[in-house]
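Structure file structure28.pdb with PDB, C-alpha atoms:
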```pdb
ATOM      1  CA  MET A  29       0.000   0.000   0.000
ATOM      2  CA  LEU A  30       0.966   3.635  -0.558
ATOM      3  CA  HIS A  31      -0.187   6.606   1.461
ATOM      4  CA  LEU A  32      -0.976   9.792  -0.468
ATOM      5  CA  GLU A  33      -1.275  13.104   1.337
ATOM      6  CA  LEU A  34      -2.559  16.077  -0.614
ATOM      7  CA  SER A  35      -2.638  19.764   0.233
ATOM      8  CA  CYS A  36      -5.484  20.831  -2.049
ATOM      9  CA  PRO A  37      -6.742  24.309  -2.901
ATOM     10  CA  GLY A  38     -10.429  24.526  -1.998
ATOM     11  CA  HIS A  39     -11.645  24.531  -5.598
ATOM     12  CA  VAL A  40      -9.806  21.266  -6.342
ATOM     13  CA  THR A  41     -10.812  19.229  -3.286
ATOM     14  CA  ASP A  42     -14.214  18.095  -4.525
ATOM     15  CA  GLY A  43     -12.737  16.836  -7.796
ATOM     16  CA  VAL A  44     -10.068  14.898  -5.929
ATOM     17  CA  LEU A  45     -12.625  13.355  -3.577
ATOM     18  CA  GLU A  46     -14.825  12.289  -6.474
ATOM     19  CA  LEU A  47     -11.830  10.715  -8.177
ATOM     20  CA  VAL A  48     -10.557   8.715  -5.187
ATOM     21  CA  THR A  49     -14.041   7.732  -3.987
ATOM     22  CA  ASP A  50     -14.803   6.010  -7.293
ATOM     23  CA  ASP A  51     -11.515   4.077  -7.262
ATOM     24  CA  GLU A  52     -11.911   0.546  -5.899
ATOM     25  CA  ALA A  53      -8.167   0.317  -5.254
ATOM     26  CA  VAL A  54      -8.465   3.043  -2.604
ATOM     27  CA  SER A  55      -9.004   1.617   0.874
ATOM     28  CA  SER A  56      -9.362   4.720   3.039
ATOM     29  CA  ILE A  57     -10.002   8.438   2.580
ATOM     30  CA  ALA A  58      -9.733  11.219   5.137
ATOM     31  CA  VAL A  59     -10.427  14.935   4.696
ATOM     32  CA  VAL A  60      -9.581  17.777   7.060
ATOM     33  CA  ARG A  61     -11.329  20.883   5.779
ATOM     34  CA  GLY A  62      -9.345  24.097   6.029
ATOM     35  CA  ALA A  63      -6.253  22.328   7.426
ATOM     36  CA  SER A  64      -3.907  23.452   4.666
ATOM     37  CA  LEU A  65      -2.489  26.945   5.153
ATOM     38  CA  ARG A  66      -0.201  26.944   2.112
ATOM     39  CA  PRO A  67      -1.892  26.510  -0.232
ATOM     40  CA  VAL A  68      -5.075  27.655   1.443
ATOM     41  CA  GLY A  69      -7.422  24.722   1.292
ATOM     42  CA  ASP A  70      -7.904  21.202   2.579
ATOM     43  CA  LEU A  71      -5.814  18.223   3.589
ATOM     44  CA  VAL A  72      -6.761  14.922   1.930
ATOM     45  CA  LYS A  73      -5.254  11.579   2.953
ATOM     46  CA  VAL A  74      -5.643   8.470   0.824
ATOM     47  CA  ASP A  75      -4.410   4.882   1.063
ATOM     48  CA  VAL A  76      -4.193   3.095  -2.279
ATOM     49  CA  ALA A  77      -2.892  -0.245  -3.504
ATOM     50  CA  ARG A  78       0.583   0.124  -4.984
ATOM     51  CA  GLU A  79      -0.568  -1.508  -8.240
ATOM     52  CA  ALA A  80      -2.989   1.361  -8.839
ATOM     53  CA  ALA A  81      -0.934   4.214  -7.409
ATOM     54  CA  ASP A  82       0.727   5.403 -10.600
ATOM     55  CA  ASP A  83      -2.562   5.728 -12.506
ATOM     56  CA  LEU A  84      -4.224   7.472  -9.574
ATOM     57  CA  ILE A  85      -1.349   9.909  -9.142
ATOM     58  CA  ALA A  86      -1.463  10.748 -12.852
ATOM     59  CA  ALA A  87      -5.215  11.431 -12.626
ATOM     60  CA  ILE A  88      -4.752  13.623  -9.544
ATOM     61  CA  ARG A  89      -2.048  15.610 -11.300
ATOM     62  CA  GLU A  90      -4.421  16.246 -14.202
ATOM     63  CA  LEU A  91      -6.645  18.092 -11.715
ATOM     64  CA  GLY A  92      -3.791  20.520 -11.036
ATOM     65  CA  VAL A  93      -2.900  19.436  -7.511
ATOM     66  CA  ASP A  94       0.827  19.350  -8.294
ATOM     67  CA  SER A  95       0.828  22.911  -9.672
ATOM     68  CA  ASP A  96      -1.610  24.571  -7.259
ATOM     69  CA  GLY A  97      -0.986  22.392  -4.211
ATOM     70  CA  CYS A  98       1.208  19.520  -3.068
ATOM     71  CA  LEU A  99       1.130  15.732  -3.372
ATOM     72  CA  ARG A 100       3.243  13.539  -1.074
ATOM     73  CA  VAL A 101       3.753   9.798  -1.568
ATOM     74  CA  GLU A 102       4.836   7.536   1.286
ATOM     75  CA  GLU A 103       5.454   3.799   1.507
ATOM     76  CA  VAL A 104       3.246   1.957   4.024
ATOM     77  CA  GLU A 105       5.493  -0.560   5.758
ATOM     78  CA  ALA A 106       2.580  -2.423   7.361
ATOM     79  CA  PHE A 107      -1.198  -2.097   7.392
ATOM     80  CA  ILE A 108      -3.922  -3.808   9.416
ATOM     81  CA  SER A 109      -7.140  -3.359   7.499
ATOM     82  CA  ARG A 110      -9.543  -5.698   5.765
ATOM     83  CA  GLN A 111     -10.520  -2.893   3.381
ATOM     84  CA  ALA A 112      -6.865  -2.347   2.459
ATOM     85  CA  LEU A 113      -6.434  -6.060   1.850
ATOM     86  CA  GLU A 114      -9.507  -6.147  -0.394
ATOM     87  CA  ALA A 115      -8.347  -3.058  -2.287
ATOM     88  CA  ASP A 116      -4.988  -4.703  -2.874
ATOM     89  CA  ARG A 117      -6.699  -7.859  -4.173
ATOM     90  CA  ARG A 118      -8.974  -5.897  -6.530
ATOM     91  CA  ALA A 119      -6.070  -4.026  -8.124
ATOM     92  CA  PRO A 120      -4.713  -6.001 -11.113
ATOM     93  CA  GLY A 121      -1.126  -7.185 -11.022
ATOM     94  CA  PHE A 122       1.298  -7.450  -8.111
ATOM     95  CA  GLY A 123       2.543  -4.604  -5.960
ATOM     96  CA  SER A 124       6.185  -5.626  -6.273
ATOM     97  CA  ASP A 125       5.913  -5.416 -10.081
ATOM     98  CA  ALA A 126       4.247  -2.006 -10.151
ATOM     99  CA  VAL A 127       6.410   1.044 -10.800
ATOM    100  CA  VAL A 128       5.467   4.385  -9.274
ATOM    101  CA  TRP A 129       7.112   6.590 -11.871
ATOM    102  CA  PRO A 130       6.919   9.873  -9.911
ATOM    103  CA  GLN A 131       9.024   8.218  -7.187
ATOM    104  CA  VAL A 132      11.515   6.926  -9.742
ATOM    105  CA  GLY A 133      11.715  10.306 -11.478
ATOM    106  CA  LEU A 134      12.190  12.237  -8.244
ATOM    107  CA  ARG A 135      15.013   9.932  -7.185
ATOM    108  CA  ALA A 136      16.611  10.283 -10.614
ATOM    109  CA  TYR A 137      16.628  14.071 -10.404
ATOM    110  CA  GLY A 138      18.092  13.894  -6.909
ATOM    111  CA  ASP A 139      20.865  11.520  -7.981
ATOM    112  CA  SER A 140      21.691  13.751 -10.966
ATOM    113  CA  GLU A 141      22.552  16.824  -8.924
ATOM    114  CA  LEU A 142      26.176  17.891  -9.295
ATOM    115  CA  ASN A 143      26.945  18.833  -5.704
ATOM    116  CA  PHE A 144      29.912  18.732  -3.349
ATOM    117  CA  THR A 145      28.634  15.602  -1.614
ATOM    118  CA  TYR A 146      28.573  13.666  -4.881
ATOM    119  CA  LEU A 147      32.020  14.903  -5.888
ATOM    120  CA  GLY A 148      33.350  14.104  -2.421
ATOM    121  CA  PHE A 149      32.156  10.501  -2.583
ATOM    122  CA  MET A 150      33.548  10.133  -6.121
ATOM    123  CA  ILE A 151      36.983  11.386  -5.044
ATOM    124  CA  LEU A 152      37.049   9.242  -1.908
ATOM    125  CA  ALA A 153      35.890   6.103  -3.742
ATOM    126  CA  THR A 154      38.352   6.567  -6.617
ATOM    127  CA  THR A 155      41.223   7.266  -4.229
ATOM    128  CA  LEU A 156      40.338   4.176  -2.208
ATOM    129  CA  ALA A 157      40.336   2.145  -5.425
ATOM    130  CA  ALA A 158      43.834   3.389  -6.257
ATOM    131  CA  ILE A 159      45.027   2.413  -2.773
ATOM    132  CA  ALA A 160      43.447  -1.008  -3.298
ATOM    133  CA  VAL A 161      45.577  -1.456  -6.417
ATOM    134  CA  VAL A 162      48.759  -0.420  -4.591
ATOM    135  CA  LEU A 163      48.029  -2.862  -1.761
ATOM    136  CA  ASP A 164      46.611  -5.447  -4.183
ATOM    137  CA  SER A 165      43.581  -5.746  -1.907
ATOM    138  CA  GLN A 166      40.273  -7.143  -3.159
ATOM    139  CA  ILE A 167      38.592  -6.082   0.085
ATOM    140  CA  LEU A 168      39.480  -2.423  -0.458
ATOM    141  CA  THR A 169      38.384  -2.763  -4.091
ATOM    142  CA  ILE A 170      34.959  -3.911  -2.930
ATOM    143  CA  GLY A 171      34.859  -1.044  -0.445
ATOM    144  CA  ALA A 172      35.531   1.425  -3.246
ATOM    145  CA  MET A 173      32.746  -0.130  -5.343
ATOM    146  CA  VAL A 174      30.228   0.252  -2.522
ATOM    147  CA  LEU A 175      31.332   3.805  -1.754
ATOM    148  CA  GLY A 176      30.990   5.070  -5.337
ATOM    149  CA  PRO A 177      27.753   7.003  -6.103
ATOM    150  CA  GLU A 178      27.910   6.635  -9.891
ATOM    151  CA  PHE A 179      25.247   3.935 -10.267
ATOM    152  CA  GLY A 180      22.394   6.270  -9.338
ATOM    153  CA  VAL A 181      23.528   8.754 -11.980
ATOM    154  CA  ILE A 182      23.691   6.062 -14.666
ATOM    155  CA  ILE A 183      20.168   4.952 -13.754
ATOM    156  CA  ALA A 184      19.034   8.583 -13.959
ATOM    157  CA  MET A 185      20.339   8.688 -17.540
ATOM    158  CA  CYS A 186      18.189   5.636 -18.307
ATOM    159  CA  VAL A 187      15.117   7.246 -16.725
ATOM    160  CA  GLY A 188      15.670  10.334 -18.863
ATOM    161  CA  VAL A 189      15.759   8.195 -22.004
ATOM    162  CA  VAL A 190      12.729   6.015 -21.210
ATOM    163  CA  LEU A 191      10.532   8.851 -19.911
ATOM    164  CA  CYS A 192      11.629  11.137 -22.774
ATOM    165  CA  ARG A 193      13.105  13.772 -20.486
ATOM    166  CA  PRO A 194      16.162  15.136 -22.327
ATOM    167  CA  ASN A 195      16.933  17.643 -19.572
ATOM    168  CA  LEU A 196      17.262  14.826 -17.039
ATOM    169  CA  PHE A 197      19.428  12.785 -19.417
ATOM    170  CA  TRP A 198      21.858  15.627 -20.103
ATOM    171  CA  MET A 199      21.894  16.642 -16.449
ATOM    172  CA  ALA A 200      22.841  13.087 -15.445
ATOM    173  CA  THR A 201      25.387  12.788 -18.267
ATOM    174  CA  ARG A 202      27.076  16.015 -17.187
ATOM    175  CA  THR A 203      27.147  14.910 -13.555
ATOM    176  CA  LEU A 204      28.621  11.517 -14.436
ATOM    177  CA  THR A 205      31.275  12.984 -16.751
ATOM    178  CA  ILE A 206      32.369  15.770 -14.415
ATOM    179  CA  GLY A 207      32.297  13.431 -11.419
ATOM    180  CA  PHE A 208      34.668  10.924 -13.007
ATOM    181  CA  ALA A 209      36.910  13.679 -14.399
ATOM    182  CA  VAL A 210      37.269  15.439 -11.040
ATOM    183  CA  ALA A 211      37.779  12.163  -9.171
ATOM    184  CA  MET A 212      40.476  10.928 -11.560
ATOM    185  CA  VAL A 213      42.318  14.266 -11.598
ATOM    186  CA  ALA A 214      42.313  14.346  -7.782
ATOM    187  CA  THR A 215      43.517  10.729  -7.593
ATOM    188  CA  LEU A 216      46.183  11.432 -10.216
ATOM    189  CA  ALA A 217      47.466  14.364  -8.152
ATOM    190  CA  LEU A 218      47.523  12.301  -4.952
ATOM    191  CA  SER A 219      49.280   9.451  -6.781
ATOM    192  CA  ALA A 220      51.928  11.838  -8.087
ATOM    193  CA  ILE A 221      52.506  13.180  -4.576
ATOM    194  CA  ALA A 222      52.781   9.643  -3.167
ATOM    195  CA  ARG A 223      55.240   8.746  -5.928
ATOM    196  CA  GLY A 224      57.347  11.810  -5.150
ATOM    197  CA  LEU A 225      57.426  10.887  -1.471
ATOM    198  CA  GLY A 226      58.525   7.371  -2.351
ATOM    199  CA  TRP A 227      55.410   5.745  -0.868
ATOM    200  CA  ILE A 228      54.628   3.843  -4.074
ATOM    201  CA  SER A 229      56.813   2.520  -6.859
ATOM    202  CA  ILE A 230      56.407   1.178 -10.361
ATOM    203  CA  ASP A 231      56.321  -2.372  -8.980
ATOM    204  CA  ASP A 232      53.134  -1.523  -7.072
ATOM    205  CA  ILE A 233      51.505  -0.558 -10.356
ATOM    206  CA  THR A 234      52.631  -3.406 -12.570
ATOM    207  CA  HIS A 235      52.417  -6.331 -10.145
ATOM    208  CA  HIS A 236      48.982  -6.692  -8.564
ATOM    209  CA  PRO A 237      47.597 -10.143  -9.499
ATOM    210  CA  GLU A 238      44.605  -9.915  -7.139
ATOM    211  CA  THR A 239      43.234  -6.796  -8.837
ATOM    212  CA  ASP A 240      44.420  -7.150 -12.430
ATOM    213  CA  PHE A 241      40.806  -7.707 -13.536
ATOM    214  CA  ILE A 242      40.356  -3.954 -13.191
ATOM    215  CA  TYR A 243      42.257  -3.210 -16.407
ATOM    216  CA  SER A 244      41.535  -6.462 -18.262
ATOM    217  CA  PRO A 245      38.006  -6.144 -19.716
ATOM    218  CA  ASP A 246      36.447  -9.022 -21.631
ATOM    219  CA  LYS A 247      33.017 -10.269 -22.632
ATOM    220  CA  TRP A 248      32.238 -11.109 -19.006
ATOM    221  CA  SER A 249      32.764  -7.486 -17.988
ATOM    222  CA  PHE A 250      29.963  -6.486 -20.346
ATOM    223  CA  ILE A 251      27.695  -9.340 -19.221
ATOM    224  CA  VAL A 252      28.214  -8.520 -15.539
ATOM    225  CA  ALA A 253      27.401  -4.858 -16.222
ATOM    226  CA  ILE A 254      24.142  -5.877 -17.912
ATOM    227  CA  VAL A 255      23.108  -8.247 -15.111
ATOM    228  CA  ALA A 256      24.000  -5.685 -12.431
ATOM    229  CA  ALA A 257      22.013  -2.912 -14.127
ATOM    230  CA  VAL A 258      18.899  -5.085 -14.483
ATOM    231  CA  ALA A 259      19.130  -6.084 -10.821
ATOM    232  CA  GLY A 260      19.641  -2.455  -9.804
ATOM    233  CA  VAL A 261      16.615  -1.210 -11.747
ATOM    234  CA  LEU A 262      14.393  -3.937 -10.286
ATOM    235  CA  SER A 263      15.629  -3.109  -6.784
ATOM    236  CA  ILE A 264      14.856   0.586  -7.209
ATOM    237  CA  THR A 265      11.455   0.240  -8.854
ATOM    238  CA  SER A 266      10.236  -2.435  -6.440
ATOM    239  CA  ALA A 267      11.492  -0.477  -3.398
ATOM    240  CA  ARG A 268      13.644  -3.485  -2.436
ATOM    241  CA  THR A 269      16.866  -1.552  -2.100
ATOM    242  CA  GLY A 270      18.605  -4.361  -0.236
ATOM    243  CA  GLY A 271      19.659  -5.803  -3.568
ATOM    244  CA  LEU A 272      21.629  -2.680  -4.470
ATOM    245  CA  ALA A 273      24.612  -3.756  -2.368
ATOM    246  CA  GLY A 274      25.134  -6.696  -4.707
ATOM    247  CA  VAL A 275      24.940  -4.345  -7.682
ATOM    248  CA  PHE A 276      27.572  -1.989  -6.281
ATOM    249  CA  ILE A 277      30.122  -4.761  -5.796
ATOM    250  CA  SER A 278      29.547  -6.296  -9.224
ATOM    251  CA  VAL A 279      30.719  -3.566 -11.578
ATOM    252  CA  THR A 280      34.226  -2.121 -11.727
ATOM    253  CA  THR A 281      33.614   1.458 -12.801
ATOM    254  CA  ILE A 282      35.203   3.106  -9.756
ATOM    255  CA  PRO A 283      38.158   0.662  -9.556
ATOM    256  CA  ALA A 284      38.840   1.223 -13.260
ATOM    257  CA  ALA A 285      38.852   4.991 -12.737
ATOM    258  CA  GLY A 286      41.182   4.671  -9.759
ATOM    259  CA  ASN A 287      43.624   2.431 -11.604
ATOM    260  CA  LEU A 288      43.526   4.716 -14.652
ATOM    261  CA  ALA A 289      44.571   7.719 -12.563
ATOM    262  CA  LEU A 290      47.229   5.724 -10.706
ATOM    263  CA  ALA A 291      48.698   4.276 -13.894
ATOM    264  CA  ALA A 292      48.726   7.720 -15.535
ATOM    265  CA  ALA A 293      50.899   9.030 -12.693
ATOM    266  CA  PHE A 294      53.514   6.428 -13.672
ATOM    267  CA  ALA A 295      52.926   6.737 -17.453
ATOM    268  CA  GLU A 296      51.857   3.083 -17.647
ATOM    269  CA  TRP A 297      49.785   3.630 -20.766
ATOM    270  CA  SER A 298      48.846  -0.007 -21.330
ATOM    271  CA  GLU A 299      47.051  -0.066 -17.972
ATOM    272  CA  VAL A 300      45.554   3.356 -18.706
ATOM    273  CA  ARG A 301      44.058   2.032 -21.947
ATOM    274  CA  GLY A 302      42.803  -1.161 -20.304
ATOM    275  CA  SER A 303      41.240   0.733 -17.402
ATOM    276  CA  ALA A 304      39.603   3.258 -19.745
ATOM    277  CA  LEU A 305      38.136   0.428 -21.818
ATOM    278  CA  GLN A 306      36.867  -1.290 -18.660
ATOM    279  CA  LEU A 307      35.221   1.954 -17.563
ATOM    280  CA  VAL A 308      33.521   2.477 -20.930
ATOM    281  CA  VAL A 309      32.370  -1.156 -21.172
ATOM    282  CA  ASN A 310      30.742  -0.976 -17.736
ATOM    283  CA  ILE A 311      28.997   2.354 -18.319
ATOM    284  CA  VAL A 312      27.717   1.384 -21.787
ATOM    285  CA  GLY A 313      26.534  -2.033 -20.584
ATOM    286  CA  MET A 314      24.700  -0.607 -17.573
ATOM    287  CA  THR A 315      23.098   2.187 -19.598
ATOM    288  CA  MET A 316      21.834  -0.160 -22.303
ATOM    289  CA  ALA A 317      20.491  -2.707 -19.811
ATOM    290  CA  GLY A 318      18.926  -0.031 -17.609
ATOM    291  CA  CYS A 319      17.061   1.575 -20.512
ATOM    292  CA  LEU A 320      15.824  -1.796 -21.752
ATOM    293  CA  THR A 321      14.642  -2.854 -18.290
ATOM    294  CA  PHE A 322      12.720   0.380 -17.689
ATOM    295  CA  TRP A 323      11.153   0.129 -21.160
ATOM    296  CA  LEU A 324      10.084  -3.480 -20.556
ATOM    297  CA  GLN A 325       8.560  -2.557 -17.210
ATOM    298  CA  LYS A 326       6.451   0.136 -18.849
ATOM    299  CA  ARG A 327       5.507  -2.186 -21.696
ATOM    300  CA  LEU A 328       4.637  -5.206 -19.559
ATOM    301  CA  TRP A 329       2.594  -3.177 -17.068
ATOM    302  CA  LYS A 330       0.473  -1.479 -19.740
ATOM    303  CA  PRO A 331      -2.114  -4.335 -19.968
ATOM    304  CA  PHE A 332      -2.691  -4.194 -16.196
ATOM    305  CA  SER A 333      -3.146  -0.429 -16.374
ATOM    306  CA  ASN A 334      -5.613  -0.777 -19.282
ATOM    307  CA  ARG A 335      -7.527  -3.476 -17.421
ATOM    308  CA  ARG A 336      -7.814  -1.210 -14.380
ATOM    309  CA  ALA A 337      -8.980   1.721 -16.503
ATOM    310  CA  ALA A 338     -11.669  -0.462 -18.087
ATOM    311  CA  ARG A 339     -12.804  -1.606 -14.637
ATOM    312  CA  VAL A 340     -13.047   1.991 -13.423
ATOM    313  CA  ARG A 341     -15.157   2.911 -16.452
ATOM    314  CA  GLU A 342     -17.498  -0.016 -15.718
ATOM    315  CA  ILE A 343     -17.960   1.126 -12.134
ATOM    316  CA  ASN A 344     -18.653   4.707 -13.230
ATOM    317  CA  ASP A 345     -21.208   3.490 -15.786
ATOM    318  CA  GLU A 346     -22.985   1.425 -13.110
ATOM    319  CA  LEU A 347     -23.108   4.382 -10.741
ATOM    320  CA  SER A 348     -24.458   6.680 -13.418
TER     321      SER A 348
END
```
As structure tokens, how would this structure be written, given the file I've shared?
Amino acid sequence: MLHLELSCPGHVTDGVLELVTDDEAVSSIAVVRGASLRPVGDLVKVDVAREAADDLIAAIRELGVDSDGCLRVEEVEAFISRQALEADRRAPGFGSDAVVWPQVGLRAYGDSELNFTYLGFMILATTLAAIAVVLDSQILTIGAMVLGPEFGVIIAMCVGVVLCRPNLFWMATRTLTIGFAVAMVATLALSAIARGLGWISIDDITHHPETDFIYSPDKWSFIVAIVAAVAGVLSITSARTGGLAGVFISVTTIPAAGNLALAAAFAEWSEVRGSALQLVVNIVGMTMAGCLTFWLQKRLWKPFSNRRAARVREINDELS
């Protein structure tokens, strides 16, 4: 179930109430007249089955609530209600398969912001990856993978493509490009300083058997990127974010960037080329798989949405 809370201008409230009252996927409705001070109007609270939430939100937005008021969407962790259970059963499809696109879009815009926090995590993760290469440590490599924030930006690019939002796509692309560029330049500078101090030598760069997969891309690198992106999209859209940890430690984008910067400090161009290719293979594979997964989700859910719309029309015809 999802909980919708609306701050409605007075002239919109009646239309919203008529809309949610006629929806059999809505289990409970509450109205507090005059409770909203900005905008001046009413507070409406609605519980709706997740399977029907996206269609209902779209209909509410057509009434102008998002432009004249405010619509908040919250996950309901647990509910004890026979009416809610019946509403969930009446809604076609399964809640875990349904995608609430406003939630996905909002997260995508948030992940696409080019801010100091994002750049900080990129620099720290890339630097940690370079240290992992020097120490030939798979554990530190995994830590760098988990720390890197680039996956959310790549997924935002996919959302921009599938939802036909070019501004979001270019915003995410800029954030991803600048983030990797800044992180690699910072890691390159730190690597050069460490080399000058004698903390690392050429042997640390050329002999690291435990982490040589970072600069040795092959067909499996591309396949892993595809599998990881599909798993990541399903985790995000189903609100089962526990699976994201497995995604983060599957792709070697951050380790490749760290090794590229480290190798550049020692002019080891063969490793630079291999790391760059690994980075490109991972990003391209994840972008392609992410776009395809989002598109399939929209395509496969369309029959359930059409079935629900037909059912709503039947109910309205019976009432009229």
Here's the selection I'm unsure about, the PyMOL selection byres ((chain A and resi 236) around 9); applied to the file above, which residues does it give, as number ranges by chain?
A: 161-165, 231-235, 237-240
Could you turn the residues from that selection into a file that holds C-alpha atoms, as a compact mmCIF listing (two decimals), in the frame of the given file?
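Ended up saving to out.txt:
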```txt
# COMPACT_ATOMS: atom_id res chain seq x y z
CA VAL A 161 45.58 -1.46 -6.42
CA VAL A 162 48.76 -0.42 -4.59
CA LEU A 163 48.03 -2.86 -1.76
CA ASP A 164 46.61 -5.45 -4.18
CA SER A 165 43.58 -5.75 -1.91
CA ASP A 231 56.32 -2.37 -8.98
CA ASP A 232 53.13 -1.52 -7.07
CA ILE A 233 51.50 -0.56 -10.36
CA THR A 234 52.63 -3.41 -12.57
CA HIS A 235 52.42 -6.33 -10.14
CA PRO A 237 47.60 -10.14 -9.50
CA GLU A 238 44.60 -9.91 -7.14
CA THR A 239 43.23 -6.80 -8.84
CA ASP A 240 44.42 -7.15 -12.43
```
Centre and size of axis-aligned box enclosing segment 223-226 of chain A plus 6 Å each side, as lines of an AutoDock Vina configuration file:
```
center_x = 56.9
center_y = 9.6
center_z = -3.7
size_x = 15.3
size_y = 16.4
size_z = 16.5
```
Evaluate the PyMOL selection byres ((chain A and resi 320-323) around 8) and record the selected residues as a ChimeraX atom specification, following the chain and residue labels used in the document.
/A:186-187,190,258,261,316-319,324-327
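Interatomic distance, atom CA of Val300 of chain A against atom CA of Leu168 of chain A: 20.1 Å.
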Spell out the residues picked by the PyMOL selection byres ((chain A and resi 309) around 9) here, as a list in words.
Pro245, Asp246, Ser249, Phe250, Ala253, Thr281, Ala304, Leu305, Gln306, Leu307, Val308, Asn310, Ile311, Val312, Gly313 and Met314 of chain A
Pairwise distance, atom CA of Val68 of chain A with atom CA of Ile85 of chain A, equals 21.0 Å
Polymer residues at most 9 Å from Thr201 of chain A, only C-alpha atoms, same-chain spacing of 4 or more positions, as a PyMOL selection string
chain A and resi 140+181-182+184-185+196-197+205-206
Atom CA of Val74 of chain A to atom CA of Tyr137 of chain A measures 25.6 Å
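Considering all atoms listed in the file, the residue among A:Val189, A:Val213, A:Leu32, A:Val104 positioned nearest to Ala81 of chain A is A:Leu32.
Minimum atom-to-atom distance to Leu47 of chain A, evaluated using all atoms listed in the file, belongs to A:Glu90 out of A:Glu102, A:Glu33, A:Glu90, A:Glu79.
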Pick from A:Ser266, A:Ser244, A:Ser109, A:Thr280: nearest to Gly176 of chain A, with only C-alpha atoms counted?
A:Thr280
